[in-house]
$ cat input-v3.cif   # mmCIF, C-alpha atoms
data_work
#
loop_
_atom_site.label_atom_id
_atom_site.label_comp_id
_atom_site.auth_asym_id
_atom_site.auth_seq_id
_atom_site.Cartn_x
_atom_site.Cartn_y
_atom_site.Cartn_z
CA MET A 1 16.84 50.23 34.71
CA GLU A 2 16.50 49.86 30.94
CA ALA A 3 15.49 46.44 29.64
CA VAL A 4 18.03 44.46 27.62
CA GLN A 5 16.98 43.99 23.99
CA GLY A 6 17.83 41.82 21.00
CA THR A 7 20.63 39.31 20.87
CA MET A 8 22.14 40.62 24.13
CA LEU A 9 19.31 38.71 25.84
CA LEU A 10 20.84 35.51 24.49
CA VAL A 11 24.23 36.49 25.92
CA TYR A 12 22.74 37.09 29.37
CA ALA A 13 20.82 33.80 29.17
CA LEU A 14 23.98 31.91 28.18
CA VAL A 15 25.93 33.46 31.07
CA ALA A 16 23.12 32.44 33.46
CA VAL A 17 23.17 28.84 32.24
CA ILE A 18 26.97 28.67 32.57
CA ALA A 19 26.72 30.15 36.08
CA LEU A 20 24.19 27.47 37.05
CA ILE A 21 26.42 24.69 35.82
CA VAL A 22 29.58 26.05 37.49
CA LEU A 23 27.93 26.76 40.86
CA ILE A 24 26.25 23.34 41.04
CA ALA A 25 28.97 21.18 39.49
CA LYS A 26 32.18 22.88 40.66
CA PHE A 27 31.17 24.58 43.90
CA LYS A 28 28.73 21.82 44.98
CA MET A 29 25.98 24.28 45.90
CA ASN A 30 22.40 23.12 46.42
CA PRO A 31 20.69 23.10 42.97
CA PHE A 32 17.42 24.51 44.35
CA ILE A 33 19.13 27.49 46.01
CA VAL A 34 21.31 28.13 42.93
CA LEU A 35 18.33 28.03 40.55
CA VAL A 36 16.43 30.54 42.68
CA ILE A 37 19.39 32.95 43.02
CA VAL A 38 20.46 32.82 39.35
CA SER A 39 16.86 33.22 38.14
CA LEU A 40 16.32 36.35 40.25
CA ILE A 41 19.70 37.86 39.26
CA LEU A 42 19.01 37.15 35.57
CA GLY A 43 15.60 38.82 35.78
CA PHE A 44 17.20 41.89 37.36
CA ALA A 45 20.14 41.94 34.91
CA ILE A 46 17.97 41.89 31.76
CA GLY A 47 15.80 44.71 33.07
CA MET A 48 12.59 42.94 34.00
CA PRO A 49 10.42 45.17 36.25
CA MET A 50 11.51 44.37 39.79
CA GLY A 51 7.93 43.91 40.90
CA THR A 52 7.43 41.08 38.39
CA ILE A 53 10.67 39.11 38.74
CA VAL A 54 9.61 37.07 41.77
CA LYS A 55 6.06 36.79 40.44
CA SER A 56 7.35 35.40 37.14
CA PHE A 57 9.55 32.86 38.94
CA GLU A 58 6.67 31.82 41.22
CA THR A 59 4.40 31.40 38.20
CA GLY A 60 6.88 29.04 36.56
CA VAL A 61 7.28 27.04 39.76
CA GLY A 62 3.53 26.93 40.46
CA ASN A 63 2.48 25.99 36.94
CA THR A 64 4.88 23.04 36.94
CA LEU A 65 4.52 21.82 40.51
CA GLY A 66 0.74 22.00 40.33
CA HIS A 67 1.01 18.92 38.12
CA ILE A 68 4.44 17.45 38.79
CA ALA A 69 4.21 17.43 42.61
CA LEU A 70 1.00 15.39 42.46
CA VAL A 71 2.41 13.07 39.81
CA ILE A 72 5.67 12.47 41.70
CA GLY A 73 3.83 11.96 45.01
CA LEU A 74 1.28 9.46 43.70
CA GLY A 75 3.75 7.73 41.39
CA THR A 76 6.22 7.32 44.24
CA MET A 77 3.54 5.78 46.47
CA LEU A 78 2.55 3.37 43.70
CA GLY A 79 6.21 2.50 43.15
CA LYS A 80 6.77 2.00 46.87
CA MET A 81 3.81 -0.38 47.16
CA MET A 82 5.04 -2.31 44.14
CA ALA A 83 8.51 -2.55 45.65
CA GLU A 84 7.44 -3.57 49.18
CA SER A 85 5.04 -6.23 47.89
CA GLY A 86 7.67 -7.73 45.61
CA GLY A 87 5.83 -6.61 42.47
CA ALA A 88 8.85 -4.77 41.08
CA GLU A 89 10.95 -7.85 41.84
CA ARG A 90 8.42 -10.01 39.98
CA ILE A 91 8.54 -7.79 36.88
CA ALA A 92 12.33 -7.64 37.07
CA ASN A 93 12.59 -11.44 37.34
CA THR A 94 10.17 -12.01 34.46
CA MET A 95 11.88 -9.51 32.18
CA ILE A 96 15.33 -10.87 32.96
CA GLU A 97 14.15 -14.43 32.23
CA PHE A 98 12.49 -13.37 28.97
CA PHE A 99 15.21 -11.13 27.55
CA GLY A 100 18.22 -12.63 29.31
CA GLU A 101 20.50 -10.75 31.70
CA LYS A 102 22.63 -9.41 28.85
CA ASN A 103 19.63 -7.76 27.18
CA VAL A 104 17.79 -6.03 30.03
CA HIS A 105 18.57 -2.64 28.50
CA TRP A 106 16.52 -3.66 25.47
CA ALA A 107 13.70 -4.76 27.77
CA MET A 108 13.60 -1.38 29.53
CA MET A 109 13.38 0.49 26.23
CA ALA A 110 10.53 -1.69 24.99
CA VAL A 111 8.49 -1.33 28.18
CA ALA A 112 9.08 2.45 28.34
CA PHE A 113 8.03 2.82 24.70
CA ILE A 114 4.67 1.18 25.47
CA VAL A 115 4.05 2.73 28.89
CA GLY A 116 5.01 6.21 27.66
CA LEU A 117 2.45 6.36 24.84
CA PRO A 118 -0.39 8.16 26.64
CA VAL A 119 1.51 9.68 29.58
CA PHE A 120 3.76 12.65 30.19
CA PHE A 121 7.44 11.86 30.57
CA GLU A 122 7.38 12.44 34.33
CA VAL A 123 4.45 10.04 34.83
CA GLY A 124 6.13 7.23 32.92
CA PHE A 125 9.38 7.93 34.74
CA VAL A 126 7.95 7.51 38.23
CA LEU A 127 6.00 4.43 37.14
CA LEU A 128 9.07 2.68 35.75
CA ILE A 129 11.89 3.81 38.05
CA PRO A 130 11.18 1.07 40.66
CA ILE A 131 11.52 -1.56 37.94
CA ALA A 132 14.78 0.01 36.73
CA PHE A 133 16.19 0.01 40.28
CA ASN A 134 15.25 -3.64 40.76
CA ILE A 135 16.69 -4.76 37.43
CA ALA A 136 19.92 -2.88 38.08
CA LYS A 137 20.20 -4.56 41.48
CA ARG A 138 19.27 -8.07 40.26
CA THR A 139 21.72 -8.02 37.36
CA GLY A 140 24.45 -5.99 39.04
CA THR A 141 24.43 -3.50 36.17
CA SER A 142 24.78 0.28 36.19
CA MET A 143 21.73 2.53 36.43
CA VAL A 144 23.06 4.18 33.27
CA LEU A 145 22.82 0.93 31.28
CA VAL A 146 19.30 0.21 32.57
CA GLY A 147 17.97 3.74 32.97
CA ILE A 148 19.05 5.49 29.76
CA PRO A 149 17.09 3.06 27.51
CA MET A 150 14.09 3.66 29.79
CA VAL A 151 14.22 7.46 29.48
CA ALA A 152 14.98 7.18 25.75
CA GLY A 153 11.83 5.15 25.17
CA LEU A 154 9.75 7.57 27.23
CA SER A 155 11.24 10.62 25.54
CA VAL A 156 10.70 9.38 21.98
CA VAL A 157 6.99 8.78 22.51
CA HIS A 158 6.74 12.05 24.45
CA GLY A 159 7.89 14.07 21.46
CA LEU A 160 6.77 12.05 18.44
CA ILE A 161 3.87 9.68 18.87
CA PRO A 162 0.14 10.30 19.39
CA PRO A 163 -1.85 9.84 21.59
CA HIS A 164 0.76 11.68 23.62
CA PRO A 165 -0.74 15.11 24.45
CA ALA A 166 2.04 17.22 22.88
CA ALA A 167 1.94 15.20 19.66
CA LEU A 168 -1.86 15.46 19.55
CA LEU A 169 -1.63 19.25 19.82
CA ALA A 170 0.83 19.29 16.92
CA VAL A 171 -1.47 17.06 14.84
CA ALA A 172 -4.26 19.59 15.32
CA ALA A 173 -2.05 22.62 14.62
CA TYR A 174 -0.74 21.23 11.32
CA ASN A 175 -4.09 19.64 10.30
CA ALA A 176 -2.33 16.27 10.06
CA ASP A 177 -4.03 12.89 9.79
CA ILE A 178 -3.62 11.15 13.15
CA GLY A 179 -3.48 7.64 11.66
CA ARG A 180 -0.70 8.50 9.22
CA THR A 181 1.12 10.44 11.94
CA ILE A 182 1.18 7.36 14.20
CA VAL A 183 2.47 5.15 11.37
CA TYR A 184 5.22 7.61 10.37
CA ALA A 185 6.07 8.25 14.03
CA LEU A 186 6.58 4.53 14.64
CA ILE A 187 8.77 4.25 11.51
CA VAL A 188 10.93 7.10 12.82
CA GLY A 189 10.55 6.53 16.56
CA ILE A 190 11.48 2.86 16.94
CA PRO A 191 14.96 3.09 15.33
CA THR A 192 15.51 6.42 17.11
CA ALA A 193 14.76 4.84 20.51
CA ILE A 194 17.06 1.90 19.70
CA ILE A 195 20.01 4.16 18.80
CA ALA A 196 19.58 6.64 21.68
CA GLY A 197 18.59 3.94 24.18
CA PRO A 198 20.23 0.49 24.30
CA LEU A 199 23.04 1.24 21.82
CA PHE A 200 24.06 4.57 23.37
CA ALA A 201 23.62 3.23 26.92
CA LYS A 202 25.92 0.27 26.17
CA LEU A 203 28.60 2.72 25.06
CA ILE A 204 28.28 5.47 27.68
CA SER A 205 27.87 3.11 30.67
CA LYS A 206 31.55 2.18 30.22
CA TYR A 207 32.58 5.77 30.92
CA VAL A 208 29.92 7.11 33.32
CA VAL A 209 29.43 5.27 36.61
CA PRO A 210 26.96 6.89 39.07
CA ASN A 211 27.62 6.80 42.81
CA PRO A 212 26.24 3.38 43.88
CA ASP A 213 25.26 4.73 47.30
CA ASN A 214 21.83 5.90 46.13
CA PRO A 215 19.45 6.83 48.99
CA LEU A 216 16.39 6.48 46.74
CA ILE A 217 17.05 2.83 45.90
CA SER A 218 16.11 1.77 49.44
CA GLN A 219 12.61 3.15 48.83
CA PHE A 220 12.03 0.88 45.84
CA VAL A 221 14.20 -2.21 46.30
CA ASP A 222 13.40 -4.87 48.87
CA LYS A 223 16.41 -5.37 51.14
CA ASP A 224 15.18 -8.53 52.86
CA LYS A 225 16.98 -11.47 51.28
CA SER A 226 16.76 -13.70 54.32
CA ALA A 227 13.98 -15.92 53.06
CA ALA A 228 12.14 -16.69 49.89
CA ARG A 229 8.71 -15.16 49.85
CA GLU A 230 5.68 -15.42 47.68
CA LEU A 231 5.64 -12.63 45.13
CA PRO A 232 2.50 -11.18 43.54
CA SER A 233 1.75 -12.72 40.16
CA PHE A 234 3.09 -11.09 37.03
CA GLY A 235 -0.48 -10.54 35.81
CA ILE A 236 -1.68 -8.71 38.94
CA THR A 237 1.49 -6.61 39.00
CA LEU A 238 1.15 -5.71 35.32
CA VAL A 239 -2.55 -4.81 35.67
CA THR A 240 -1.82 -2.55 38.63
CA ILE A 241 1.12 -0.75 37.06
CA LEU A 242 -0.52 -0.38 33.63
CA LEU A 243 -3.91 0.73 34.97
CA PRO A 244 -3.04 4.45 34.87
CA VAL A 245 -1.68 4.00 31.35
CA VAL A 246 -4.93 2.36 30.20
CA LEU A 247 -7.07 4.99 31.95
CA MET A 248 -5.12 7.84 30.34
CA LEU A 249 -5.38 6.17 26.95
CA ILE A 250 -9.17 5.87 27.41
CA GLY A 251 -9.32 9.52 28.43
CA SER A 252 -7.39 10.68 25.36
CA TRP A 253 -9.79 8.79 23.07
CA ALA A 254 -12.96 9.62 25.02
CA ASP A 255 -14.47 11.62 22.15
CA LEU A 256 -14.21 8.57 19.88
CA ILE A 257 -15.68 6.20 22.46
CA VAL A 258 -18.78 8.18 23.47
CA ALA A 259 -20.46 11.36 22.24
CA PRO A 260 -18.80 14.61 23.40
CA LYS A 261 -20.47 16.82 26.04
CA THR A 262 -22.19 13.88 27.71
CA PHE A 263 -21.79 12.65 31.29
CA ALA A 264 -20.04 9.50 30.09
CA ASN A 265 -17.60 11.53 27.97
CA ASP A 266 -16.81 13.91 30.83
CA PHE A 267 -16.32 10.96 33.19
CA LEU A 268 -13.87 9.26 30.81
CA HIS A 269 -11.91 12.51 30.53
CA LEU A 270 -11.88 12.77 34.33
CA ILE A 271 -10.53 9.27 35.00
CA GLY A 272 -8.13 9.74 32.09
CA ASN A 273 -6.52 12.75 33.77
CA SER A 274 -2.98 11.72 34.77
CA VAL A 275 -3.48 12.70 38.43
CA VAL A 276 -6.81 10.88 38.78
CA ALA A 277 -5.52 7.83 36.89
CA LEU A 278 -2.50 7.60 39.19
CA LEU A 279 -4.72 8.09 42.24
CA ILE A 280 -6.99 5.20 41.16
CA ALA A 281 -3.98 2.96 40.50
CA THR A 282 -2.43 3.88 43.85
CA LEU A 283 -5.67 3.01 45.66
CA LEU A 284 -5.80 -0.30 43.78
CA SER A 285 -2.18 -0.97 44.81
CA PHE A 286 -3.22 -0.69 48.47
CA TYR A 287 -5.32 -3.81 47.79
CA THR A 288 -3.25 -5.78 45.25
CA PHE A 289 0.17 -4.92 46.72
CA GLY A 290 -1.06 -4.29 50.27
CA LYS A 291 -3.99 -6.30 51.60
CA LEU A 292 -3.46 -9.30 49.31
CA ARG A 293 0.16 -9.46 50.44
CA GLY A 294 -0.84 -9.41 54.11
CA PHE A 295 -0.04 -5.77 54.93
CA GLY A 296 -2.36 -3.98 57.35
CA ARG A 297 -3.52 -0.35 57.13
CA ALA A 298 -0.85 0.84 59.56
CA THR A 299 1.89 -0.75 57.47
CA ILE A 300 0.52 0.72 54.23
CA LEU A 301 0.34 4.15 55.91
CA LYS A 302 3.96 3.75 57.00
CA PHE A 303 5.05 2.85 53.45
CA THR A 304 3.27 5.83 51.88
CA ASN A 305 4.59 8.28 54.47
CA GLU A 306 8.23 7.23 54.41
CA CYS A 307 8.56 7.14 50.62
CA LEU A 308 7.73 10.82 50.17
CA ALA A 309 10.64 12.34 52.11
CA PRO A 310 13.37 11.50 49.54
CA THR A 311 11.29 13.09 46.75
CA ALA A 312 11.06 16.52 48.42
CA ASN A 313 14.38 17.77 47.03
CA ILE A 314 13.61 16.44 43.55
CA THR A 315 10.24 18.20 43.53
CA LEU A 316 11.73 21.52 44.63
CA VAL A 317 14.54 21.36 42.06
CA VAL A 318 12.11 20.50 39.23
CA GLY A 319 9.95 23.48 40.24
CA ALA A 320 12.90 25.85 40.46
CA GLY A 321 14.08 24.75 37.01
CA ALA A 322 10.65 25.65 35.67
CA GLY A 323 10.89 29.03 37.42
CA PHE A 324 14.20 29.69 35.65
CA GLY A 325 12.56 28.76 32.34
CA ARG A 326 9.73 31.19 33.03
CA ILE A 327 12.19 34.04 33.66
CA LEU A 328 13.73 33.29 30.25
CA MET A 329 10.28 33.41 28.64
CA ASP A 330 8.96 36.52 30.37
CA GLY A 331 12.30 38.29 29.93
CA GLY A 332 11.95 38.06 26.15
CA VAL A 333 14.63 35.46 25.41
CA SER A 334 12.11 33.16 23.68
CA LYS A 335 10.91 35.94 21.35
CA VAL A 336 14.47 36.71 20.24
CA ILE A 337 15.08 33.04 19.49
CA VAL A 338 11.88 32.76 17.45
CA SER A 339 12.63 35.88 15.38
CA LEU A 340 16.13 34.62 14.56
CA ALA A 341 14.76 31.26 13.43
CA THR A 342 11.97 32.67 11.24
CA ASP A 343 14.36 35.13 9.54
CA ALA A 344 16.60 32.24 8.42
CA HIS A 345 14.18 31.16 5.59
CA LEU A 346 14.71 27.44 6.05
CA SER A 347 12.69 24.56 4.60
CA PRO A 348 9.47 23.95 6.59
CA LEU A 349 10.77 20.72 8.18
CA LEU A 350 14.05 22.32 9.26
CA LEU A 351 12.25 25.48 10.39
CA GLY A 352 9.84 23.46 12.55
CA TRP A 353 12.77 21.58 14.09
CA LEU A 354 14.87 24.70 14.67
CA VAL A 355 12.13 26.83 16.23
CA ALA A 356 11.15 24.00 18.58
CA ALA A 357 14.82 23.30 19.38
CA LEU A 358 15.58 26.91 20.27
CA ILE A 359 12.48 27.26 22.45
CA ARG A 360 13.35 23.97 24.14
CA VAL A 361 16.86 25.19 24.99
CA ALA A 362 15.46 28.48 26.27
CA THR A 363 12.50 27.18 28.30
CA GLY A 364 13.44 23.58 29.17
CA SER A 365 9.98 22.23 28.35
CA ALA A 366 9.46 19.87 25.41
CA THR A 367 5.69 20.41 25.58
CA VAL A 368 6.04 24.22 25.61
CA ALA A 369 8.58 24.02 22.77
CA MET A 370 6.36 21.81 20.62
CA THR A 371 3.12 23.73 21.17
CA THR A 372 4.77 27.16 20.77
CA ALA A 373 6.67 26.10 17.64
CA CYS A 374 3.50 24.72 16.06
CA GLY A 375 1.75 28.04 16.57
CA ILE A 376 4.63 29.89 14.90
CA VAL A 377 5.43 27.50 12.04
CA ALA A 378 1.96 26.19 11.07
CA PRO A 379 0.85 29.43 9.32
CA ILE A 380 4.16 29.53 7.41
CA VAL A 381 3.72 25.90 6.29
CA LEU A 382 0.14 26.53 5.14
CA VAL A 383 1.41 29.29 2.85
CA ALA A 384 4.59 27.55 1.68
CA GLY A 385 3.10 24.05 1.23
CA GLY A 386 5.10 21.23 -0.32
CA VAL A 387 5.46 19.11 2.83
CA ARG A 388 3.25 16.52 4.49
CA PRO A 389 1.73 17.88 7.72
CA GLU A 390 2.37 14.53 9.44
CA LEU A 391 6.11 14.98 8.88
CA MET A 392 5.89 18.52 10.29
CA VAL A 393 4.57 16.96 13.51
CA LEU A 394 7.62 14.68 13.65
CA ALA A 395 10.16 17.40 12.81
CA THR A 396 8.72 19.78 15.40
CA GLY A 397 8.56 17.01 17.99
CA ALA A 398 12.19 16.10 17.28
CA GLY A 399 13.26 19.71 17.82
CA SER A 400 11.40 19.89 21.12
CA LEU A 401 13.64 17.16 22.59
CA VAL A 402 17.10 18.56 21.85
CA PHE A 403 19.75 19.41 24.49
CA SER A 404 17.92 19.06 27.78
CA HIS A 405 19.89 20.98 30.40
CA VAL A 406 19.54 22.68 33.78
CA ASN A 407 16.22 24.46 33.07
CA ASP A 408 14.44 21.16 32.27
CA GLY A 409 12.67 19.25 35.02
CA GLY A 410 13.55 15.98 33.29
CA PHE A 411 17.26 16.78 33.67
CA TRP A 412 16.91 16.98 37.45
CA LEU A 413 14.65 13.91 37.69
CA VAL A 414 17.27 11.82 35.91
CA LYS A 415 20.15 13.34 37.88
CA GLU A 416 18.60 12.79 41.30
CA TYR A 417 17.04 9.34 40.75
CA PHE A 418 20.15 7.97 38.99
CA ASN A 419 22.34 9.61 41.68
CA MET A 420 24.62 11.28 39.13
CA THR A 421 26.58 14.52 39.19
CA VAL A 422 25.63 17.40 36.87
CA PRO A 423 28.51 16.62 34.43
CA GLN A 424 27.47 12.93 34.40
CA THR A 425 23.88 13.94 33.64
CA PHE A 426 25.07 16.05 30.69
CA LYS A 427 27.13 13.13 29.36
CA THR A 428 24.20 10.69 29.59
CA TRP A 429 20.75 12.29 29.61
CA THR A 430 21.59 15.48 27.63
CA VAL A 431 23.48 13.53 24.96
CA CYS A 432 20.69 10.92 24.82
CA GLU A 433 18.07 13.64 24.21
CA THR A 434 20.22 15.29 21.54
CA ILE A 435 20.76 11.95 19.77
CA ILE A 436 16.98 11.42 19.77
CA SER A 437 16.42 14.88 18.27
CA LEU A 438 19.05 14.58 15.52
CA VAL A 439 18.28 10.96 14.56
CA ALA A 440 14.52 11.64 14.47
CA LEU A 441 15.06 14.71 12.29
CA SER A 442 17.37 12.78 9.94
CA LEU A 443 14.91 9.90 9.57
CA THR A 444 12.04 12.37 9.02
CA LEU A 445 13.99 14.05 6.20
CA VAL A 446 14.70 10.62 4.68
CA LEU A 447 11.02 9.74 4.95
CA ALA A 448 10.08 13.03 3.28
CA SER A 449 12.27 12.14 0.30
CA VAL A 450 10.57 8.78 -0.33
CA ILE A 451 6.85 9.44 0.27
#
$ encode --input "input-v3.cif" --output "structure tokens"
Amino acid sequence: MEAVQGTMLLVYALVAVIALIVLIAKFKMNPFIVLVIVSLILGFAIGMPMGTIVKSFETGVGNTLGHIALVIGLGTMLGKMMAESGGAERIANTMIEFFGEKNVHWAMMAVAFIVGLPVFFEVGFVLLIPIAFNIAKRTGTSMVLVGIPMVAGLSVVHGLIPPHPAALLAVAAYNADIGRTIVYALIVGIPTAIIAGPLFAKLISKYVVPNPDNPLISQFVDKDKSAARELPSFGITLVTILLPVVLMLIGSWADLIVAPKTFANDFLHLIGNSVVALLIATLLSFYTFGKLRGFGRATILKFTNECLAPTANITLVVGAGAGFGRILMDGGVSKVIVSLATDAHLSPLLLGWLVAALIRVATGSATVAMTTACGIVAPIVLVAGGVRPELMVLATGAGSLVFSHVNDGGFWLVKEYFNMTVPQTFKTWTVCETIISLVALSLTLVLASVI
């Protein structure tokens, strides 16, 4: 069978995405099964060698789940311990008291903005979701009103602000100054997070109401209201939940703290790895949220075992979405998108945004979109000149966040944890991501005109 070439690849990819949406949303088919079937059919239809179709899909699944499965597992255990000990309740109470019940959506955005700085989106998500569940329950508000500001804060720092790994890679690719990049990113990122987070959530929560019967909430929200109990202190809870954030921040700056290629430097990089940092924090939670709260080893074992079952479907769907993205990449869809963008002869800022945006839509990964776009656009910018490299980081990062859909693991995380349908996820999460992308690009262009 002859391979499909050129723009016809985009047609096939579009048909595949529409098929995914229709089968999952209209025919209520299992998302994991649908992603597998559509991915394999797409690979066959565009003429990929039949011996490589399954291998390509497996590679996409394996590359993603190698990290995400560990992150979701450890993050869920940490969240479960925080919930069972009352730690999530303590944070929820403190935040509600500080911000007021009418402003908890602002609180979630602020916390996510800070927690998300050194961590991948998925890590910050699993760290904060227990707090979001508890706040939604305490205040009787929708998960959309509480959760969208949370994911907006996480997403903005994911795409724009060092020391986030994707942003650091872009800083290196464009030879940007990291200090200036952080300053410009904060100037652009804070108003972007406000618009796409609390303001958008306030509006959309009136129209999108998730099913309140969420099976995951029981894993993170304490159901025992029969008697007042002593909660862990706010300080201990904050130290435990922020420990992985601090460790990852230390790891990302290890070369500035101690000399490279030394034992101390390697050790800081090791404990700063997201999996190791979450493992250390989870072990600490067994003491701060377990032993100090009077739970024995058997009880802690029970907590950690029972919390994993509800995450199995999420993990599989995230992996299958990555497999679909890999089929799009290996099938040549990404190359067609890149060639179309580079032939358009746009300004460097718009070109960086557009290339990253198109790769994001095709592959579903903001990190892949940002790193791939940098590799394509950086040589063009070096020749063309006339634009600050720090602003190229922001424009490319903004493009990498646009229009998250069914091939993005984040789409399925939000859908499953918020207990929304696919159309509801498009109306909330996908629109939120697109607002972030467009507002960040607009503010970057404004910034370019005044500096």
$ resolve_selection --input "input-v3.cif" --expression "the PyMOL selection byres ((chain A and resi 143) around 10)" --output "list in words"
His105, Ala132, Phe133, Asn134, Ile135, Ala136, Lys137, Gly140, Thr141, Ser142, Val144, Leu145, Val146, Gly147, Ile148, Ala201, Ser205, Val208, Val209, Pro210, Asn211, Pro212, Tyr417, Phe418, Asn419 and Met420 of chain A
$ resolve_selection --input "input-v3.cif" --expression "the PyMOL selection byres ((chain A and resi 422) around 12)" --output "number ranges by chain"
A: 20-31, 208, 210, 405-406, 411-416, 418-421, 423-430
$ resolve_selection --input "input-v3.cif" --expression "the PyMOL selection byres ((chain A and resi 288-296) around 12)" --output "ChimeraX atom specification"
/A:77-88,90,229-241,281-287,297-304
$ atom_distance --input "input-v3.cif" --atom1 "atom CA of Ala344 of chain A" --atom2 "atom CA of Ile380 of chain A"
12.8 Å
$ closest_residue --input "input-v3.cif" --among "A:Ala254, A:Met95, A:Leu354, A:Leu308" --to "Leu70 of chain A" --atoms "all atoms listed in the file"
A:Leu308
$ atom_distance --input "input-v3.cif" --atom1 "atom CA of Ala107 of chain A" --atom2 "atom CA of Glu433 of chain A"
19.2 Å
$ closest_residue --input "input-v3.cif" --among "A:Val377, A:Val387, A:Ile436, A:Ala320" --to "Gly62 of chain A" --atoms "all atoms listed in the file"
A:Ala320
$ residues_around --input "input-v3.cif" --residues "Leu65 of chain A" --least-positions-apart "2" --cutoff "10 Å" --atoms "all atoms listed in the file" --output "list of chain:residue names"
A:Thr59, A:Gly60, A:Val61, A:Gly62, A:Asn63, A:His67, A:Ile68, A:Ala69, A:Leu70, A:Val71, A:Ile72, A:Thr315, A:Leu316, A:Val318, A:Gly319, A:Ala320, A:Ala322
$ atom_distance --input "input-v3.cif" --atom1 "atom CA of Leu349 of chain A" --atom2 "atom CA of Leu391 of chain A"
7.4 Å
$ axis_aligned_box --input "input-v3.cif" --around "segment 420-435 of chain A" --padding-each-side "6 Å" --output "AutoDock Vina command-line options"
--center_x 23.3 --center_y 14.0 --center_z 29.5 --size_x 22.4 --size_y 18.7 --size_z 31.4
$ residues_near_point --input "input-v3.cif" --point "(9.7, 8.3, 9.8)" --cutoff "8 Å" --atoms "all atoms listed in the file" --output "PyMOL selection string"
chain A and resi 184-189+391+394+440+443-444+446-447
$ write_last_selection --input "input-v3.cif" --atoms "C-alpha atoms" --output "tab-separated table (two decimals), in the frame of the given file"
chain	number	residue	atom	x	y	z
A	184	TYR	CA	5.22	7.61	10.37
A	185	ALA	CA	6.07	8.25	14.03
A	186	LEU	CA	6.58	4.53	14.64
A	187	ILE	CA	8.77	4.25	11.51
A	188	VAL	CA	10.93	7.10	12.82
A	189	GLY	CA	10.55	6.53	16.56
A	391	LEU	CA	6.11	14.98	8.88
A	394	LEU	CA	7.62	14.68	13.65
A	440	ALA	CA	14.52	11.64	14.47
A	443	LEU	CA	14.91	9.90	9.57
A	444	THR	CA	12.04	12.37	9.02
A	446	VAL	CA	14.70	10.62	4.68
A	447	LEU	CA	11.02	9.74	4.95
$ closest_residue --input "input-v3.cif" --among "A:Leu249, A:Leu328, A:Leu279, A:Val126" --to "Met48 of chain A" --atoms "only C-alpha atoms"
A:Leu328
$ residues_near_point --input "input-v3.cif" --point "(19.8, 41.9, 21.6)" --cutoff "12 Å" --atoms "only C-alpha atoms" --output "ChimeraX atom specification"
/A:3-13,46,331-337,339-340
$ build_atoms --input "input-v3.cif" --residues "segment 16-27 of chain A" --atoms "N, CA and C atoms" --output "CSV table (one decimal), in the coordinates of the input"
chain,number,residue,atom,x,y,z
A,16,ALA,N,23.9,33.0,32.3
A,16,ALA,CA,23.1,32.4,33.5
A,16,ALA,C,23.2,30.9,33.5
A,17,VAL,N,23.1,30.3,32.3
A,17,VAL,CA,23.2,28.8,32.2
A,17,VAL,C,24.6,28.4,32.7
A,18,ILE,N,25.6,29.0,32.2
A,18,ILE,CA,27.0,28.7,32.6
A,18,ILE,C,27.2,28.8,34.1
A,19,ALA,N,26.6,29.9,34.6
A,19,ALA,CA,26.7,30.2,36.1
A,19,ALA,C,26.1,29.0,36.9
A,20,LEU,N,24.9,28.6,36.4
A,20,LEU,CA,24.2,27.5,37.0
A,20,LEU,C,25.1,26.2,37.1
A,21,ILE,N,25.6,25.9,35.9
A,21,ILE,CA,26.4,24.7,35.8
A,21,ILE,C,27.7,24.8,36.7
A,22,VAL,N,28.4,25.9,36.7
A,22,VAL,CA,29.6,26.0,37.5
A,22,VAL,C,29.3,26.0,39.0
A,23,LEU,N,28.3,26.7,39.4
A,23,LEU,CA,27.9,26.8,40.9
A,23,LEU,C,27.5,25.4,41.4
A,24,ILE,N,26.7,24.6,40.6
A,24,ILE,CA,26.2,23.3,41.0
A,24,ILE,C,27.3,22.3,40.9
A,25,ALA,N,28.0,22.3,39.8
A,25,ALA,CA,29.0,21.2,39.5
A,25,ALA,C,30.3,21.4,40.2
A,26,LYS,N,30.8,22.6,40.1
A,26,LYS,CA,32.2,22.9,40.7
A,26,LYS,C,32.1,23.2,42.1
A,27,PHE,N,31.2,24.1,42.5
A,27,PHE,CA,31.2,24.6,43.9
A,27,PHE,C,30.2,23.8,44.8
